[in-house]
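Colleague: Input my_file.cif, format and content: mmCIF, C-alpha atoms.
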```cif
data_query
#
loop_
_atom_site.label_atom_id
_atom_site.label_comp_id
_atom_site.auth_asym_id
_atom_site.auth_seq_id
_atom_site.Cartn_x
_atom_site.Cartn_y
_atom_site.Cartn_z
CA MET A 252 8.59 -10.10 -5.65
CA SER A 253 5.52 -10.68 -7.74
CA ASN A 254 2.57 -12.01 -5.86
CA SER A 255 -0.14 -9.57 -6.83
CA SER A 256 -3.47 -10.57 -5.44
CA PHE A 257 -5.03 -12.23 -8.46
CA PRO A 258 -3.51 -14.12 -11.39
CA SER A 259 -4.54 -12.89 -14.84
CA GLU A 260 -3.52 -15.92 -16.83
CA GLU A 261 -6.48 -17.92 -15.62
CA PHE A 262 -8.89 -15.86 -17.67
CA SER A 263 -9.79 -16.15 -21.32
CA LEU A 264 -9.04 -12.77 -22.89
CA GLU A 265 -11.05 -13.79 -25.89
CA ALA A 266 -14.17 -14.39 -23.80
CA LEU A 267 -13.60 -11.19 -21.82
CA ARG A 268 -13.18 -9.09 -24.96
CA ALA A 269 -16.45 -10.56 -26.23
CA ARG A 270 -17.92 -9.46 -22.86
CA ASP A 271 -18.86 -12.97 -21.90
CA LYS A 272 -20.82 -12.50 -18.66
CA ASN A 273 -19.70 -15.77 -17.18
CA GLU A 274 -16.01 -14.96 -17.65
CA PHE A 275 -16.51 -11.38 -16.45
CA ALA A 276 -18.24 -12.67 -13.30
CA ARG A 277 -15.20 -14.90 -12.65
CA LEU A 278 -12.92 -11.88 -13.02
CA VAL A 279 -15.08 -9.82 -10.64
CA GLU A 280 -15.13 -12.67 -8.12
CA ALA A 281 -11.34 -13.05 -8.23
CA SER A 282 -10.40 -9.38 -8.16
CA SER A 283 -13.09 -7.34 -6.41
CA GLY A 284 -11.76 -8.01 -2.90
CA ALA A 285 -8.35 -6.57 -3.78
CA ILE A 286 -9.84 -3.61 -5.64
CA TYR A 287 -12.14 -2.83 -2.70
CA ARG A 288 -9.25 -2.96 -0.24
CA LEU A 289 -7.14 -0.64 -2.40
CA ALA A 290 -10.03 1.83 -2.72
CA LEU A 291 -10.84 1.72 1.00
CA LYS A 292 -7.25 2.28 2.10
CA MET A 293 -6.76 4.97 -0.52
CA LEU A 294 -9.98 6.85 0.33
CA GLY A 295 -10.46 6.00 4.00
CA ASP A 296 -14.24 5.98 3.56
CA GLN A 297 -16.51 2.98 2.96
CA GLN A 298 -19.05 4.74 0.77
CA ASP A 299 -16.37 6.31 -1.44
CA ALA A 300 -14.61 2.96 -1.66
CA GLU A 301 -17.83 1.28 -2.77
CA ASP A 302 -18.43 3.97 -5.40
CA ALA A 303 -14.89 3.56 -6.73
CA LEU A 304 -15.30 -0.22 -6.75
CA GLN A 305 -18.51 -0.14 -8.80
CA GLU A 306 -17.18 2.49 -11.17
CA THR A 307 -13.97 0.49 -11.71
CA PHE A 308 -15.82 -2.62 -12.83
CA LEU A 309 -18.37 -0.71 -14.90
CA LYS A 310 -15.50 0.98 -16.75
CA ALA A 311 -13.64 -2.32 -17.06
CA PHE A 312 -16.68 -4.02 -18.57
CA ARG A 313 -17.12 -1.19 -21.06
CA GLY A 314 -13.41 -1.14 -21.89
CA LEU A 315 -12.87 -4.89 -22.24
CA PRO A 316 -13.41 -5.07 -26.03
CA ASN A 317 -10.47 -2.66 -26.39
CA PHE A 318 -8.19 -4.33 -23.84
CA ASP A 319 -4.99 -4.87 -25.82
CA GLY A 320 -3.30 -7.27 -23.41
CA ARG A 321 -0.05 -5.29 -23.37
CA SER A 322 -0.27 -5.14 -19.59
CA SER A 323 -1.68 -7.90 -17.43
CA LEU A 324 -5.38 -7.83 -16.52
CA SER A 325 -4.57 -7.10 -12.89
CA THR A 326 -2.34 -4.15 -13.83
CA TRP A 327 -5.10 -2.83 -16.08
CA LEU A 328 -7.75 -3.14 -13.34
CA TYR A 329 -5.50 -1.56 -10.73
CA ARG A 330 -4.91 1.35 -13.12
CA ILE A 331 -8.65 1.95 -13.58
CA ALA A 332 -9.22 1.69 -9.82
CA THR A 333 -6.31 4.03 -9.05
CA ASN A 334 -7.63 6.65 -11.45
CA GLU A 335 -11.11 6.40 -9.90
CA ALA A 336 -9.75 6.79 -6.38
CA LEU A 337 -7.51 9.72 -7.29
CA MET A 338 -10.41 11.42 -9.06
CA LEU A 339 -12.64 11.05 -5.99
CA LEU A 340 -9.86 12.49 -3.84
CA ARG A 341 -9.52 15.49 -6.14
CA LYS A 342 -13.28 16.06 -6.08
CA ARG A 343 -13.27 15.90 -2.30
CA LYS A 344 -10.43 18.40 -2.18
CA VAL A 345 -12.42 20.91 -4.19
CA GLN A 346 -15.40 20.53 -1.86
CA PHE A 347 -13.51 20.80 1.39
CA VAL A 348 -10.50 22.97 1.88
CA SER A 349 -8.84 21.28 4.80
CA ILE A 350 -6.58 23.07 7.22
CA ASP A 351 -5.17 19.69 8.20
CA GLU A 352 -3.34 18.97 4.99
CA PRO A 353 -1.21 15.86 5.34
CA LEU A 354 2.41 16.53 6.09
CA ASP A 355 4.06 16.93 2.72
CA THR A 356 6.68 14.21 2.78
CA ASP A 357 6.84 13.86 -0.99
CA GLU A 358 10.02 15.75 -1.53
CA VAL A 359 12.30 14.46 1.18
CA GLU A 360 13.17 11.36 3.10
CA GLN A 361 11.70 11.46 6.60
CA GLU A 362 14.74 11.90 8.83
CA PRO A 363 14.36 9.34 11.64
CA LEU A 364 13.56 11.17 14.86
CA GLU A 365 12.05 8.33 16.88
CA ILE A 366 14.85 5.87 17.61
CA VAL A 367 13.16 3.32 19.83
CA ASP A 368 13.40 -0.40 19.25
CA TRP A 369 9.81 -1.54 19.58
CA CYS A 370 10.21 -4.82 17.71
CA CYS A 371 9.98 -6.88 20.91
CA ILE A 372 6.54 -5.65 21.97
CA PRO A 373 4.23 -8.66 22.35
CA GLU A 374 2.08 -9.52 19.34
CA THR A 375 -1.13 -8.73 21.25
CA GLU A 376 0.00 -5.11 21.68
CA LEU A 377 1.45 -4.80 18.17
CA LEU A 378 -1.86 -5.91 16.67
CA SER A 379 -4.36 -4.55 19.20
CA ALA A 380 -7.47 -2.76 17.91
CA GLU A 381 -5.91 0.54 18.95
CA ALA A 382 -2.65 -0.30 17.15
CA ARG A 383 -4.57 -1.21 13.99
CA ARG A 384 -6.26 2.18 14.05
CA HIS A 385 -2.81 3.77 14.19
CA LEU A 386 -1.68 1.66 11.24
CA ASP A 387 -4.65 2.95 9.22
CA GLN A 388 -4.20 6.55 10.36
CA ALA A 389 -0.54 6.47 9.40
CA ILE A 390 -1.48 5.41 5.85
CA GLU A 391 -4.10 8.16 5.66
CA SER A 392 -1.56 10.78 6.65
CA LEU A 393 0.58 10.03 3.59
CA SER A 394 0.10 12.27 0.57
CA PRO A 395 -1.91 10.47 -2.18
CA ASN A 396 1.22 10.13 -4.36
CA LEU A 397 3.08 8.22 -1.67
CA ARG A 398 0.01 6.37 -0.38
CA ILE A 399 -0.85 4.76 -3.71
CA VAL A 400 2.71 3.51 -4.23
CA PHE A 401 2.82 2.03 -0.73
CA LEU A 402 -0.58 0.34 -1.14
CA LEU A 403 0.26 -1.22 -4.50
CA ARG A 404 3.72 -2.43 -3.43
CA ASP A 405 3.35 -3.36 0.23
CA ILE A 406 -0.35 -4.09 0.65
CA GLU A 407 -1.28 -5.54 -2.75
CA GLY A 408 2.15 -7.07 -3.33
CA LEU A 409 2.77 -5.77 -6.85
CA SER A 410 6.35 -5.71 -8.08
CA THR A 411 8.18 -2.44 -8.68
CA GLN A 412 7.71 -2.97 -12.42
CA GLU A 413 3.96 -3.63 -12.11
CA THR A 414 3.51 -0.60 -9.86
CA ALA A 415 5.40 1.53 -12.38
CA GLN A 416 3.05 0.30 -15.12
CA VAL A 417 -0.09 1.01 -13.10
CA LEU A 418 1.02 4.54 -12.26
CA ASN A 419 2.85 5.32 -15.48
CA LEU A 420 6.00 6.14 -13.51
CA SER A 421 9.61 5.08 -13.86
CA GLU A 422 10.77 2.26 -11.60
CA THR A 423 13.19 4.70 -9.97
CA ALA A 424 10.31 7.00 -9.08
CA VAL A 425 8.38 4.07 -7.59
CA LYS A 426 11.36 3.10 -5.41
CA THR A 427 11.89 6.69 -4.27
CA ARG A 428 8.24 7.16 -3.31
CA LEU A 429 8.09 3.77 -1.62
CA SER A 430 11.16 4.66 0.44
CA ARG A 431 9.61 7.96 1.54
CA ALA A 432 6.28 6.33 2.35
CA ARG A 433 7.87 3.55 4.39
CA LEU A 434 10.13 5.90 6.36
CA SER A 435 7.18 8.16 7.13
CA LEU A 436 5.11 5.19 8.33
CA ARG A 437 8.04 3.92 10.39
CA GLU A 438 8.29 7.29 12.07
CA GLN A 439 4.61 7.38 12.96
CA LEU A 440 4.49 3.80 14.22
CA SER A 441 7.66 4.40 16.24
CA SER A 442 6.00 7.33 17.91
CA TYR A 443 3.01 5.17 18.90
CA TYR A 444 4.83 1.95 19.82
CA GLY A 445 7.68 3.91 21.42
CA ASN A 446 5.21 5.21 24.00
CA ILE A 447 4.25 1.63 24.84
CA VAL A 448 7.90 0.68 25.26
CA ARG A 449 8.50 3.69 27.54
CA ARG A 450 5.37 2.93 29.54
CA GLU A 451 6.45 -0.68 30.08
CA ALA A 452 9.96 0.44 31.01
CA ALA A 453 8.55 2.89 33.58
CA LYS A 454 6.53 0.06 35.14
CA GLY A 455 9.69 -1.97 35.52
CA ASP A 456 11.58 0.81 37.35
CA MET B 179 28.18 8.33 15.53
CA ASP B 180 28.93 9.38 11.98
CA HIS B 181 25.68 11.19 11.36
CA GLU B 182 26.56 12.20 7.83
CA THR B 183 26.81 8.57 6.78
CA CYS B 184 23.41 7.82 8.38
CA HIS B 185 21.90 10.63 6.36
CA HIS B 186 23.66 9.57 3.18
CA LEU B 187 22.43 5.96 3.49
CA LEU B 188 18.87 6.80 4.54
CA SER B 189 17.42 6.83 1.02
CA SER B 190 18.87 3.35 0.34
CA LEU B 191 17.45 1.59 3.41
CA SER B 192 14.12 0.75 1.78
CA SER B 193 15.83 -0.96 -1.17
CA TYR B 194 18.23 -2.63 1.26
CA VAL B 195 15.27 -4.19 3.08
CA ASP B 196 13.98 -5.43 -0.30
CA GLN B 197 17.43 -6.87 -1.09
CA ASP B 198 17.39 -4.75 -4.18
CA LEU B 199 20.82 -3.05 -4.02
CA GLY B 200 24.11 -3.63 -5.76
CA PRO B 201 26.75 -5.53 -3.75
CA GLU B 202 28.90 -2.45 -3.13
CA LEU B 203 26.17 -0.31 -1.60
CA CYS B 204 24.91 -3.32 0.32
CA ALA B 205 28.35 -3.89 1.80
CA GLU B 206 28.65 -0.19 2.67
CA ILE B 207 25.37 -0.30 4.55
CA GLU B 208 26.35 -3.45 6.41
CA ARG B 209 29.68 -1.93 7.45
CA HIS B 210 27.85 1.12 8.73
CA LEU B 211 25.17 -0.90 10.53
CA ALA B 212 27.83 -2.89 12.38
CA GLY B 213 28.95 0.31 14.09
CA CYS B 214 25.76 2.35 14.29
CA GLU B 215 23.17 1.36 16.86
CA ASN B 216 20.71 4.04 15.74
CA CYS B 217 20.65 2.85 12.14
CA ARG B 218 20.21 -0.74 13.31
CA VAL B 219 17.11 0.37 15.20
CA VAL B 220 15.84 2.24 12.14
CA ILE B 221 16.37 -0.80 9.90
CA ASN B 222 14.71 -3.18 12.38
CA THR B 223 11.70 -0.95 12.92
CA LEU B 224 11.45 -0.28 9.17
CA ARG B 225 11.32 -4.04 8.54
CA LYS B 226 8.78 -4.48 11.32
CA THR B 227 6.63 -1.64 9.93
CA ILE B 228 6.44 -3.30 6.50
CA ASP B 229 5.85 -6.68 8.14
CA LEU B 230 2.91 -5.38 10.23
CA TYR B 231 1.20 -4.02 7.11
CA HIS B 232 1.77 -7.34 5.30
CA VAL B 233 0.32 -9.30 8.19
CA THR B 234 -2.78 -7.12 8.57
CA ALA B 235 -3.53 -6.59 4.85
CA PRO B 236 -5.78 -9.67 4.43
CA ASP B 237 -7.95 -8.51 7.37
CA THR B 238 -9.63 -5.88 5.19
CA GLU B 239 -12.46 -7.82 3.63
CA MET B 240 -15.23 -6.61 1.39
CA PRO B 241 -18.54 -6.77 3.30
CA ASP B 242 -21.11 -9.09 1.78
CA SER B 243 -23.57 -6.20 1.32
CA VAL B 244 -20.99 -4.31 -0.77
CA ARG B 245 -20.39 -7.41 -2.86
CA ARG B 246 -24.12 -7.87 -3.48
CA ARG B 247 -24.55 -4.26 -4.57
CA LEU B 248 -21.50 -4.56 -6.85
CA TYR B 249 -22.97 -7.61 -8.58
CA ALA B 250 -26.33 -5.84 -8.87
CA SER B 251 -24.74 -2.74 -10.42
CA LEU B 252 -23.02 -4.98 -13.00
CA GLU B 253 -26.20 -7.01 -13.65
CA LEU B 254 -24.38 -10.11 -12.47
CA ASP B 255 -26.91 -11.10 -9.78
CA ASP B 256 -27.27 -14.55 -11.32
CA PHE B 257 -23.62 -15.26 -10.57
CA LEU B 258 -23.78 -14.49 -6.84
CA LYS B 259 -22.76 -17.58 -4.96
#
```
Any chance you could give the structure as structure tokens?
Modeller:
Amino acid sequence: MSNSSFPSEEFSLEALRARDKNEFARLVEASSGAIYRLALKMLGDQQDAEDALQETFLKAFRGLPNFDGRSSLSTWLYRIATNEALMLLRKRKVQFVSIDEPLDTDEVEQEPLEIVDWCCIPETELLSAEARRHLDQAIESLSPNLRIVFLLRDIEGLSTQETAQVLNLSETAVKTRLSRARLSLREQLSSYYGNIVRREAAKGD
Amino acid sequence: MDHETCHHLLSSLSSYVDQDLGPELCAEIERHLAGCENCRVVINTLRKTIDLYHVTAPDTEMPDSVRRRLYASLELDDFLK
């Protein structure tokens, strides 16, 4: 699967390296939506996401003359954005020592505890405003290492290889982290949707 | 239920959903799924979990005010459409 959110081949690398404003504006227009989404879902805060967004493109503009084209433009931008987001998270961690550290699911596969088939819940319930909040909360509960892999692969649609390039990881490591992230999310969603299934079943009794 | 097999196959389910497994492991999982209701539920809900995130991903849009401030910070105001 390779359907990352913006195609790089449509841009003139020559113009970008020469910091042609017109070409840079086209790149910003095509890619800023995806970069903002990644930052927002990674940081869970609009102001932080906006800061990371601006910083990403400022750094990209400065770095363009040295862009060697070994990776695609999108991979390169995602890497800058990822580094910005992770840096903001580290800063935040120094400022606030939280007692609600996310469950550390990095090292093991989440053993399935919730075995409820909630696939048949009507679409309106699956995608209600409350359900969407649970989808977001579940992402936020992942450790940053798992969260970033999940966002790049399953939200932004990068391939395993592209994700590995962005994060400087092996493809095996990407697959392992993706598996742990997905199983953890499945567990949390099953807990939420499972309650709806049980509630509906109780009504029927 | 052969719980040991469930546990053994757990780390391969994500790649199975992506159709990114060798034929042997794939066949092993399918044999197990045929006889294990719990793992079928896990696979179905795992697929649905990924699907829900795919479906809702495009709903996160950058607010226009954020876009304007981004263009301003990059001195690209002239290119705002």
Colleague: Carefully work through the PyMOL selection byres ((chain A) within 6 of (chain B)) for this structure and note down the residues it includes, as a PyMOL selection string.
Modeller: chain A and resi 284+305+368+406+430+437
Colleague: What would the selection look like, as number ranges by chain, if the PyMOL selection byres ((chain A and resi 377) around 12) were run on the coordinates I just shared?
Modeller: A: 369-376, 378-386, 440-441, 443-445, 447-448; B: 226-227, 229-231, 233-234
Colleague: Determine the nearest neighbour of B:Cys214 from the options A:Leu339, A:Ile366, A:Ala285, A:Leu418, counting only C-alpha atoms.
Modeller: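 So, comparing all the options, the nearest one is A:Ile366.
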Colleague: Measuring between all atoms listed in the file, which one of A:Leu393, A:Ala281, A:Ala452, A:Ile399 shows the shortest distance to A:Thr414?
Modeller: A:Ile399
Colleague: Just give me the gap between atom CA of A:Phe401 and atom CA of A:Leu429 in Å, one decimal is fine.
Modeller: 5.6 Å
Colleague: Restricting the calculation to only C-alpha atoms: of A:Glu360, A:Ala303, A:Pro316, A:Arg288, which residue gets closest to B:His186?
Modeller: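 The answer is A:Glu360, which sits nearest to B:His186.
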Colleague: Mind giving me the straight-line distance from atom CA of A:Tyr287 to atom CA of A:Leu309 in Å, one decimal?
Modeller: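 Separating atom CA of A:Tyr287 from atom CA of A:Leu309 is a distance of 13.9 Å.
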Colleague: List the residues matched by the PyMOL selection byres ((chain A and resi 412) around 10) in the displayed structure as a list in words, ordered by chain and then by residue number.
Modeller: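 Answer for the PyMOL selection byres ((chain A and resi 412) around 10): Met252, Ser253, Arg404, Leu409, Ser410, Thr411, Glu413, Thr414, Ala415, Gln416, Val417, Leu420, Ser421, Glu422, Thr423, Val425 and Lys426 of chain A.
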Colleague: Give me a file of those residues, with C-alpha atoms, as a PDB file, in the frame of the given file.
Modeller:
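Written file, part33.pdb:
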```pdb
ATOM      1  CA  MET A 252       8.590 -10.100  -5.650  1.00  0.00           C
ATOM      2  CA  SER A 253       5.520 -10.680  -7.740  1.00  0.00           C
ATOM      3  CA  ARG A 404       3.720  -2.430  -3.430  1.00  0.00           C
ATOM      4  CA  LEU A 409       2.770  -5.770  -6.850  1.00  0.00           C
ATOM      5  CA  SER A 410       6.350  -5.710  -8.080  1.00  0.00           C
ATOM      6  CA  THR A 411       8.180  -2.440  -8.680  1.00  0.00           C
ATOM      7  CA  GLU A 413       3.960  -3.630 -12.110  1.00  0.00           C
ATOM      8  CA  THR A 414       3.510  -0.600  -9.860  1.00  0.00           C
ATOM      9  CA  ALA A 415       5.400   1.530 -12.380  1.00  0.00           C
ATOM     10  CA  GLN A 416       3.050   0.300 -15.120  1.00  0.00           C
ATOM     11  CA  VAL A 417      -0.090   1.010 -13.100  1.00  0.00           C
ATOM     12  CA  LEU A 420       6.000   6.140 -13.510  1.00  0.00           C
ATOM     13  CA  SER A 421       9.610   5.080 -13.860  1.00  0.00           C
ATOM     14  CA  GLU A 422      10.770   2.260 -11.600  1.00  0.00           C
ATOM     15  CA  THR A 423      13.190   4.700  -9.970  1.00  0.00           C
ATOM     16  CA  VAL A 425       8.380   4.070  -7.590  1.00  0.00           C
ATOM     17  CA  LYS A 426      11.360   3.100  -5.410  1.00  0.00           C
TER      18      LYS A 426
END
```
Colleague: What's the separation between atom CA of B:Cys204 and atom CA of A:Glu365, in Å to one decimal place?
Modeller: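 A separation of 24.0 Å between them.
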Colleague: Between A:Ser263, A:Gln388, A:Thr427, A:Asn273, which residue has the minimum interatomic distance to A:Gly295, considering only C-alpha atoms?
Modeller: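 Under the stated criterion, the closest residue is A:Gln388.
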Colleague: With a distance cut-off of 10 Å and all atoms listed in the file, select the neighbouring residues of A:Leu328, excluding the residue or stretch itself and same-chain residues fewer than 3 positions from it, and output the selection as a ChimeraX atom specification.
Modeller: /A:282-283,286,307-308,310-311,322-325,331-334,417
Colleague: Pull C-alpha atoms from the residues just selected and write them as a PDB file, in the coordinates of the input.
Modeller:
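again.pdb was written with the following content:
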```
ATOM      1  CA  SER A 282     -10.400  -9.380  -8.160  1.00  0.00           C
ATOM      2  CA  SER A 283     -13.090  -7.340  -6.410  1.00  0.00           C
ATOM      3  CA  ILE A 286      -9.840  -3.610  -5.640  1.00  0.00           C
ATOM      4  CA  THR A 307     -13.970   0.490 -11.710  1.00  0.00           C
ATOM      5  CA  PHE A 308     -15.820  -2.620 -12.830  1.00  0.00           C
ATOM      6  CA  LYS A 310     -15.500   0.980 -16.750  1.00  0.00           C
ATOM      7  CA  ALA A 311     -13.640  -2.320 -17.060  1.00  0.00           C
ATOM      8  CA  SER A 322      -0.270  -5.140 -19.590  1.00  0.00           C
ATOM      9  CA  SER A 323      -1.680  -7.900 -17.430  1.00  0.00           C
ATOM     10  CA  LEU A 324      -5.380  -7.830 -16.520  1.00  0.00           C
ATOM     11  CA  SER A 325      -4.570  -7.100 -12.890  1.00  0.00           C
ATOM     12  CA  ILE A 331      -8.650   1.950 -13.580  1.00  0.00           C
ATOM     13  CA  ALA A 332      -9.220   1.690  -9.820  1.00  0.00           C
ATOM     14  CA  THR A 333      -6.310   4.030  -9.050  1.00  0.00           C
ATOM     15  CA  ASN A 334      -7.630   6.650 -11.450  1.00  0.00           C
ATOM     16  CA  VAL A 417      -0.090   1.010 -13.100  1.00  0.00           C
TER      17      VAL A 417
END
```
Colleague: Let me have the centre and edge lengths in Å, one decimal, of the box along x, y and z around every listed atom of stretch 268-286 of chain A with 3 Å of margin on each side, as JSON.
Modeller:
```
{"center_x": -14.6, "center_y": -9.7, "center_z": -14.6, "size_x": 18.5, "size_y": 18.2, "size_z": 29.3}
```
